[in-house]
Structure formats: structure tokens, C-alpha cells
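Q: Take a look at the following structure, please.
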Amino acid sequence: MEKIKLDIAGLSYSQTQSGAYALVLCEVIGKRRLPIIIGGFEAQAIAIELEKMTPSRPLTHDLFKNFSDHFNINLVEVIIYNLVEGIFFAKLICEQDGKEVEIDSRTSDAIALAVRFECPIYTFEFVLSSAGIILDDDDAEDLEDMNSEINLEEITKNPTERMSLKELKKHLKKSIDNEDYEAASRFRDEINKRKEN
């Protein structure tokens, strides 16, 4: 299958999900856009690198990049290879000492790594034809307006700070149920911080 190269068109607040963002990818050659709904932490990871900000401590994706550099592993490309029931599937194509390896990844993580490794992002025609949208000139201007209205400082600050206490408790429970203890600890810390104030 022929790969279609994509660029990042921008990040905007999701109109459908509270606390989520739409990562909009666009065809390099063509007019279609591929909107992907991602979480606040993932949006933050992408926005920080796009704006060339340097966090005081390495974020998870920065750590992955540092680890890869140390062991001479290069991320060659990212491929968004499937779409099933509204969920995008991606893989990292990595190379070390001439050997190529494919690694399954969440699409948001793959994009966050792609911007750090400055590697190309691809998809296939069937993904674009089923989830891509064509923006007319007015819609394209609206997307540009949304991008300019997004306060990067808002995205790059801790997403838990923007959540209500009810949302925090809901996400805490969901994180524990999914055994995502790293996320659960962030939600717990924010809840405790608010109780102290």
C-alpha cells in the first residue's frame, strides 16, 4: 500500500469531549485533514515540543528520545496504519545498526515522538478516506483561528489543574481500574492539593 505523508496542521480544543484536544493532521499533497481526539497530557507533550520549550525535567517522550539516542536507536517514521471503531492505530518504525523494527503505539504518543525525532508521519488511503475531512476555505480559516486562539500556556500547564473536582475523581477511578497508577497518582495529588487550599 502506498503511504500518504502527513504534517501537523494544529491543535484545537475538542468540541465533543471535555478536557480533550483535536490533533489535526493534513496531507502534504492534498486538502484532506485527519482530526484525532487526544487527551490533555498528550496535547501538552506535542505542544511543548512544537514550541521548542524545555521542561525542567524530561517528560516521558523526552526520556524515550534520550534513551533511544543513547543506544543509537533512530525513529525512522510513524505510520497511522488502521482505524477501528473510531480508534486510530499507529506504529513506530525504528532502526538500529541497520535492523528495522516495528513497535505498536498509541497514535498520540507516536506523534509526540515524531516531533521529537523530526521524522515523517504517514497513513494509508483507506484511513484518510474513512476519517479524513476536506475543509473549504472558511473551515480552513476557522481552524487557523482556533489554533491562534489556543493559549499554548494553557495546554502546556498541567491538564489536571483545569479539571473540576468531580472530573478528577472520575479520572482517578478510571486510572485505577485501568491499572494506570502513574496517571492515578497525578489525579490523587491534584485532589489532595485542592483539599489543602
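Scheme for the C-alpha cells: letters A, B, ... for chains in order shown; per-chain residue numbers from 1; ligand numbers from 1 in order shown.
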Give me every alpha helix (DSSP H) residue in range 17-109 of chain A, going by DSSP on the backbone, as an MDAnalysis selection string.

A: chainID A and resid 40:50 60:70 107:109

Q: For the residues in the current selection, export N, CA and C atoms as an mmCIF file, in the first residue's frame.

A:
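Below is the file out.cif, written as the result:
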data_model
loop_
_atom_site.group_PDB
_atom_site.id
_atom_site.type_symbol
_atom_site.label_atom_id
_atom_site.label_comp_id
_atom_site.auth_asym_id
_atom_site.auth_seq_id
_atom_site.Cartn_x
_atom_site.Cartn_y
_atom_site.Cartn_z
ATOM 1 N N GLY A 40 -5.365 15.645 27.288
ATOM 2 C CA GLY A 40 -4.632 16.849 27.648
ATOM 3 C C GLY A 40 -3.140 16.623 27.823
ATOM 4 N N PHE A 41 -2.753 15.510 28.455
ATOM 5 C CA PHE A 41 -1.333 15.236 28.667
ATOM 6 C C PHE A 41 -0.617 15.034 27.338
ATOM 7 N N GLU A 42 -1.289 14.331 26.411
ATOM 8 C CA GLU A 42 -0.699 14.082 25.099
ATOM 9 C C GLU A 42 -0.582 15.379 24.305
ATOM 10 N N ALA A 43 -1.622 16.220 24.389
ATOM 11 C CA ALA A 43 -1.580 17.522 23.710
ATOM 12 C C ALA A 43 -0.432 18.359 24.263
ATOM 13 N N GLN A 44 -0.260 18.293 25.581
ATOM 14 C CA GLN A 44 0.818 19.031 26.226
ATOM 15 C C GLN A 44 2.179 18.556 25.702
ATOM 16 N N ALA A 45 2.354 17.248 25.601
ATOM 17 C CA ALA A 45 3.633 16.687 25.138
ATOM 18 C C ALA A 45 3.948 17.128 23.712
ATOM 19 N N ILE A 46 2.934 17.190 22.879
ATOM 20 C CA ILE A 46 3.138 17.610 21.484
ATOM 21 C C ILE A 46 3.393 19.117 21.425
ATOM 22 N N ALA A 47 2.577 19.897 22.129
ATOM 23 C CA ALA A 47 2.694 21.362 22.089
ATOM 24 C C ALA A 47 4.045 21.834 22.614
ATOM 25 N N ILE A 48 4.524 21.226 23.681
ATOM 26 C CA ILE A 48 5.815 21.627 24.256
ATOM 27 C C ILE A 48 6.930 21.473 23.236
ATOM 28 N N GLU A 49 6.919 20.359 22.501
ATOM 29 C CA GLU A 49 7.977 20.140 21.508
ATOM 30 C C GLU A 49 7.793 21.028 20.282
ATOM 31 N N LEU A 50 6.560 21.226 19.851
ATOM 32 C CA LEU A 50 6.318 22.098 18.690
ATOM 33 C C LEU A 50 6.808 23.517 18.962
ATOM 34 N N THR A 60 8.051 12.088 29.618
ATOM 35 C CA THR A 60 8.188 10.678 29.220
ATOM 36 C C THR A 60 8.710 10.538 27.795
ATOM 37 N N HIS A 61 8.176 11.357 26.868
ATOM 38 C CA HIS A 61 8.608 11.258 25.469
ATOM 39 C C HIS A 61 10.052 11.743 25.300
ATOM 40 N N ASP A 62 10.456 12.719 26.113
ATOM 41 C CA ASP A 62 11.848 13.173 26.078
ATOM 42 C C ASP A 62 12.779 12.069 26.591
ATOM 43 N N LEU A 63 12.332 11.385 27.632
ATOM 44 C CA LEU A 63 13.107 10.273 28.181
ATOM 45 C C LEU A 63 13.277 9.180 27.130
ATOM 46 N N PHE A 64 12.205 8.866 26.420
ATOM 47 C CA PHE A 64 12.267 7.856 25.350
ATOM 48 C C PHE A 64 13.281 8.290 24.291
ATOM 49 N N LYS A 65 13.248 9.565 23.931
ATOM 50 C CA LYS A 65 14.188 10.095 22.917
ATOM 51 C C LYS A 65 15.617 10.008 23.431
ATOM 52 N N ASN A 66 15.857 10.410 24.675
ATOM 53 C CA ASN A 66 17.202 10.337 25.254
ATOM 54 C C ASN A 66 17.708 8.902 25.315
ATOM 55 N N PHE A 67 16.823 7.998 25.722
ATOM 56 C CA PHE A 67 17.166 6.574 25.789
ATOM 57 C C PHE A 67 17.538 6.056 24.396
ATOM 58 N N SER A 68 16.719 6.390 23.411
ATOM 59 C CA SER A 68 16.964 5.943 22.035
ATOM 60 C C SER A 68 18.277 6.487 21.498
ATOM 61 N N ASP A 69 18.533 7.769 21.756
ATOM 62 C CA ASP A 69 19.783 8.372 21.298
ATOM 63 C C ASP A 69 20.989 7.683 21.926
ATOM 64 N N HIS A 70 20.882 7.400 23.226
ATOM 65 C CA HIS A 70 21.988 6.767 23.946
ATOM 66 C C HIS A 70 22.333 5.396 23.362
ATOM 67 N N THR A 107 -1.514 6.471 18.945
ATOM 68 C CA THR A 107 -1.242 7.478 17.924
ATOM 69 C C THR A 107 -0.718 8.770 18.536
ATOM 70 N N SER A 108 -1.292 9.195 19.658
ATOM 71 C CA SER A 108 -0.838 10.438 20.287
ATOM 72 C C SER A 108 0.626 10.338 20.732
ATOM 73 N N ASP A 109 1.020 9.192 21.275
ATOM 74 C CA ASP A 109 2.420 9.000 21.668
ATOM 75 C C ASP A 109 3.331 8.974 20.446
#

Q: To one decimal place, how far is CA of Phe187 in chain A from CA of Met53 in chain A in Å?

A: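 Answer for the CA of Phe187 in chain A to CA of Met53 in chain A separation: 24.2 Å.
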
Q: Would you work out the distance separating CA of Ile38 in chain A from CA of Leu23 in chain A, expressed in Å to one decimal?

A: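 So the two atoms, CA of Ile38 in chain A and CA of Leu23 in chain A, lie 6.7 Å apart.
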
Q: Out of chain A, which residues get strand (DSSP E or B) from DSSP, as an mmCIF file with N, CA and C atoms, in the first residue's frame?

A:
data_model
loop_
_atom_site.group_PDB
_atom_site.id
_atom_site.type_symbol
_atom_site.label_atom_id
_atom_site.label_comp_id
_atom_site.auth_asym_id
_atom_site.auth_seq_id
_atom_site.Cartn_x
_atom_site.Cartn_y
_atom_site.Cartn_z
ATOM 1 N N LYS A 3 1.970 4.859 0.962
ATOM 2 C CA LYS A 3 1.831 5.705 2.146
ATOM 3 C C LYS A 3 1.560 7.147 1.731
ATOM 4 N N ILE A 4 0.770 7.836 2.556
ATOM 5 C CA ILE A 4 0.459 9.245 2.337
ATOM 6 C C ILE A 4 1.095 10.032 3.475
ATOM 7 N N LYS A 5 1.920 11.007 3.114
ATOM 8 C CA LYS A 5 2.627 11.786 4.127
ATOM 9 C C LYS A 5 1.708 12.840 4.726
ATOM 10 N N LEU A 6 1.831 13.003 6.057
ATOM 11 C CA LEU A 6 1.017 13.965 6.798
ATOM 12 C C LEU A 6 1.907 14.960 7.534
ATOM 13 N N ASP A 7 1.376 16.155 7.740
ATOM 14 C CA ASP A 7 2.004 17.156 8.594
ATOM 15 C C ASP A 7 1.034 17.501 9.715
ATOM 16 N N ILE A 8 1.538 18.113 10.760
ATOM 17 C CA ILE A 8 0.663 18.581 11.838
ATOM 18 C C ILE A 8 0.114 19.943 11.440
ATOM 19 N N ALA A 9 -1.218 20.030 11.326
ATOM 20 C CA ALA A 9 -1.861 21.304 10.979
ATOM 21 C C ALA A 9 -2.095 22.133 12.229
ATOM 22 N N GLY A 10 -2.354 21.469 13.348
ATOM 23 C CA GLY A 10 -2.560 22.220 14.581
ATOM 24 C C GLY A 10 -3.258 21.413 15.650
ATOM 25 N N LEU A 11 -3.418 22.052 16.793
ATOM 26 C CA LEU A 11 -4.141 21.503 17.935
ATOM 27 C C LEU A 11 -5.287 22.451 18.241
ATOM 28 N N SER A 12 -6.454 21.891 18.526
ATOM 29 C CA SER A 12 -7.572 22.742 18.935
ATOM 30 C C SER A 12 -8.333 22.038 20.048
ATOM 31 N N TYR A 13 -9.101 22.807 20.792
ATOM 32 C CA TYR A 13 -9.912 22.210 21.834
ATOM 33 C C TYR A 13 -10.966 21.325 21.186
ATOM 34 N N ALA A 20 -10.365 17.391 26.329
ATOM 35 C CA ALA A 20 -9.643 16.736 25.236
ATOM 36 C C ALA A 20 -9.312 17.761 24.149
ATOM 37 N N TYR A 21 -8.437 17.364 23.267
ATOM 38 C CA TYR A 21 -7.993 18.212 22.171
ATOM 39 C C TYR A 21 -8.118 17.458 20.861
ATOM 40 N N ALA A 22 -8.238 18.208 19.785
ATOM 41 C CA ALA A 22 -8.216 17.614 18.451
ATOM 42 C C ALA A 22 -6.852 17.916 17.853
ATOM 43 N N LEU A 23 -6.109 16.862 17.571
ATOM 44 C CA LEU A 23 -4.859 16.990 16.840
ATOM 45 C C LEU A 23 -5.237 16.865 15.374
ATOM 46 N N VAL A 24 -4.957 17.885 14.589
ATOM 47 C CA VAL A 24 -5.348 17.879 13.180
ATOM 48 C C VAL A 24 -4.105 17.681 12.327
ATOM 49 N N LEU A 25 -4.110 16.580 11.578
ATOM 50 C CA LEU A 25 -3.035 16.290 10.634
ATOM 51 C C LEU A 25 -3.546 16.605 9.230
ATOM 52 N N CYS A 26 -2.656 16.989 8.340
ATOM 53 C CA CYS A 26 -3.080 17.303 6.972
ATOM 54 C C CYS A 26 -2.182 16.596 5.976
ATOM 55 N N GLU A 27 -2.764 16.273 4.821
ATOM 56 C CA GLU A 27 -1.987 15.697 3.735
ATOM 57 C C GLU A 27 -0.947 16.710 3.283
ATOM 58 N N ARG A 32 -7.070 17.114 2.367
ATOM 59 C CA ARG A 32 -7.765 16.437 3.458
ATOM 60 C C ARG A 32 -7.069 16.645 4.794
ATOM 61 N N ARG A 33 -7.890 16.678 5.832
ATOM 62 C CA ARG A 33 -7.411 16.796 7.206
ATOM 63 C C ARG A 33 -7.846 15.547 7.965
ATOM 64 N N LEU A 34 -7.013 15.137 8.908
ATOM 65 C CA LEU A 34 -7.306 13.966 9.723
ATOM 66 C C LEU A 34 -7.337 14.400 11.174
ATOM 67 N N PRO A 35 -8.561 14.617 11.740
ATOM 68 C CA PRO A 35 -8.643 15.023 13.149
ATOM 69 C C PRO A 35 -8.595 13.803 14.067
ATOM 70 N N ILE A 36 -7.771 13.885 15.100
ATOM 71 C CA ILE A 36 -7.618 12.796 16.057
ATOM 72 C C ILE A 36 -7.813 13.381 17.453
ATOM 73 N N ILE A 37 -8.749 12.830 18.213
ATOM 74 C CA ILE A 37 -9.005 13.312 19.574
ATOM 75 C C ILE A 37 -7.963 12.712 20.515
ATOM 76 N N ILE A 38 -7.285 13.590 21.257
ATOM 77 C CA ILE A 38 -6.245 13.142 22.192
ATOM 78 C C ILE A 38 -6.473 13.806 23.546
ATOM 79 N N GLY A 39 -5.860 13.271 24.562
ATOM 80 C CA GLY A 39 -6.005 13.801 25.913
ATOM 81 C C GLY A 39 -5.132 15.018 26.157
ATOM 82 N N ASN A 74 17.113 4.890 16.118
ATOM 83 C CA ASN A 74 16.520 6.033 15.429
ATOM 84 C C ASN A 74 15.067 5.729 15.071
ATOM 85 N N LEU A 75 14.197 6.680 15.310
ATOM 86 C CA LEU A 75 12.812 6.565 14.874
ATOM 87 C C LEU A 75 12.776 7.065 13.437
ATOM 88 N N VAL A 76 12.551 6.155 12.500
ATOM 89 C CA VAL A 76 12.615 6.460 11.074
ATOM 90 C C VAL A 76 11.319 7.107 10.595
ATOM 91 N N GLU A 77 10.185 6.542 11.026
ATOM 92 C CA GLU A 77 8.891 7.081 10.617
ATOM 93 C C GLU A 77 7.796 6.567 11.543
ATOM 94 N N VAL A 78 6.678 7.270 11.498
ATOM 95 C CA VAL A 78 5.470 6.876 12.217
ATOM 96 C C VAL A 78 4.404 6.597 11.168
ATOM 97 N N ILE A 79 3.681 5.500 11.341
ATOM 98 C CA ILE A 79 2.614 5.161 10.400
ATOM 99 C C ILE A 79 1.311 4.963 11.169
ATOM 100 N N ILE A 80 0.303 5.742 10.811
ATOM 101 C CA ILE A 80 -1.052 5.525 11.332
ATOM 102 C C ILE A 80 -1.659 4.513 10.363
ATOM 103 N N TYR A 81 -1.707 3.260 10.786
ATOM 104 C CA TYR A 81 -1.973 2.177 9.842
ATOM 105 C C TYR A 81 -3.395 1.625 9.871
ATOM 106 N N ASN A 82 -4.196 2.000 10.862
ATOM 107 C CA ASN A 82 -5.545 1.442 10.889
ATOM 108 C C ASN A 82 -6.482 2.351 11.683
ATOM 109 N N LEU A 83 -7.761 2.138 11.462
ATOM 110 C CA LEU A 83 -8.815 2.839 12.179
ATOM 111 C C LEU A 83 -9.918 1.827 12.430
ATOM 112 N N VAL A 84 -10.179 1.536 13.710
ATOM 113 C CA VAL A 84 -11.203 0.554 14.074
ATOM 114 C C VAL A 84 -12.122 1.186 15.110
ATOM 115 N N ILE A 87 -11.008 4.381 16.668
ATOM 116 C CA ILE A 87 -9.698 4.390 17.319
ATOM 117 C C ILE A 87 -8.610 4.210 16.266
ATOM 118 N N PHE A 88 -7.658 5.145 16.258
ATOM 119 C CA PHE A 88 -6.535 5.069 15.328
ATOM 120 C C PHE A 88 -5.442 4.197 15.906
ATOM 121 N N PHE A 89 -4.791 3.436 15.035
ATOM 122 C CA PHE A 89 -3.677 2.575 15.428
ATOM 123 C C PHE A 89 -2.422 3.065 14.720
ATOM 124 N N ALA A 90 -1.323 3.135 15.463
ATOM 125 C CA ALA A 90 -0.071 3.623 14.885
ATOM 126 C C ALA A 90 1.069 2.682 15.249
ATOM 127 N N LYS A 91 2.130 2.795 14.483
ATOM 128 C CA LYS A 91 3.340 2.044 14.818
ATOM 129 C C LYS A 91 4.555 2.911 14.542
ATOM 130 N N LEU A 92 5.577 2.639 15.329
ATOM 131 C CA LEU A 92 6.859 3.310 15.180
ATOM 132 C C LEU A 92 7.766 2.404 14.367
ATOM 133 N N ILE A 93 8.394 2.950 13.353
ATOM 134 C CA ILE A 93 9.378 2.194 12.583
ATOM 135 C C ILE A 93 10.746 2.672 13.063
ATOM 136 N N CYS A 94 11.432 1.792 13.791
ATOM 137 C CA CYS A 94 12.721 2.137 14.398
ATOM 138 C C CYS A 94 13.841 1.386 13.699
ATOM 139 N N GLU A 95 15.037 1.963 13.771
ATOM 140 C CA GLU A 95 16.200 1.351 13.136
ATOM 141 C C GLU A 95 17.386 1.422 14.083
ATOM 142 N N GLN A 96 18.087 0.285 14.204
ATOM 143 C CA GLN A 96 19.319 0.238 14.991
ATOM 144 C C GLN A 96 20.284 -0.700 14.292
ATOM 145 N N LYS A 99 19.098 -2.701 11.364
ATOM 146 C CA LYS A 99 17.947 -3.586 11.569
ATOM 147 C C LYS A 99 16.712 -2.748 11.864
ATOM 148 N N GLU A 100 15.621 -3.033 11.145
ATOM 149 C CA GLU A 100 14.385 -2.271 11.319
ATOM 150 C C GLU A 100 13.392 -3.056 12.170
ATOM 151 N N VAL A 101 12.743 -2.349 13.097
ATOM 152 C CA VAL A 101 11.774 -2.969 14.000
ATOM 153 C C VAL A 101 10.526 -2.103 14.046
ATOM 154 N N GLU A 102 9.347 -2.745 14.057
ATOM 155 C CA GLU A 102 8.076 -2.037 14.203
ATOM 156 C C GLU A 102 7.587 -2.188 15.635
ATOM 157 N N ILE A 103 7.141 -1.063 16.230
ATOM 158 C CA ILE A 103 6.654 -1.075 17.611
ATOM 159 C C ILE A 103 5.258 -0.461 17.627
ATOM 160 N N ASP A 104 4.300 -1.178 18.199
ATOM 161 C CA ASP A 104 2.933 -0.679 18.305
ATOM 162 C C ASP A 104 2.902 0.518 19.258
ATOM 163 N N SER A 105 2.049 1.498 18.974
ATOM 164 C CA SER A 105 1.999 2.705 19.781
ATOM 165 C C SER A 105 0.619 3.334 19.722
ATOM 166 N N ARG A 106 0.261 4.058 20.792
ATOM 167 C CA ARG A 106 -0.910 4.918 20.693
ATOM 168 C C ARG A 106 -0.544 6.019 19.697
ATOM 169 N N ILE A 121 5.488 11.452 9.253
ATOM 170 C CA ILE A 121 4.264 10.776 9.694
ATOM 171 C C ILE A 121 3.502 10.378 8.441
ATOM 172 N N TYR A 122 3.051 9.129 8.397
ATOM 173 C CA TYR A 122 2.331 8.620 7.228
ATOM 174 C C TYR A 122 1.016 7.960 7.646
ATOM 175 N N THR A 123 0.137 7.827 6.674
ATOM 176 C CA THR A 123 -1.053 6.991 6.819
ATOM 177 C C THR A 123 -1.336 6.359 5.473
ATOM 178 N N PHE A 124 -2.452 5.629 5.388
ATOM 179 C CA PHE A 124 -2.852 4.987 4.141
ATOM 180 C C PHE A 124 -4.159 5.590 3.644
ATOM 181 N N ILE A 133 -11.322 14.633 6.438
ATOM 182 C CA ILE A 133 -12.325 15.618 6.042
ATOM 183 C C ILE A 133 -11.654 16.631 5.122
ATOM 184 N N ILE A 134 -12.449 17.189 4.227
ATOM 185 C CA ILE A 134 -11.942 18.239 3.356
ATOM 186 C C ILE A 134 -12.531 19.548 3.850
#

Q: For Ala183 in chain A, work out the shell of residues within 12 Å, counting only C-alpha atoms and skipping chain neighbours fewer than 3 positions away, then give it as a ChimeraX atom specification.

A: /A:39-41,158-160,168-169,171-180,186-190

Q: Quick one: pull the distance between CA of Ser164 in chain A and CA of Pro55 in chain A, Å, one decimal.

A: 25.1 Å
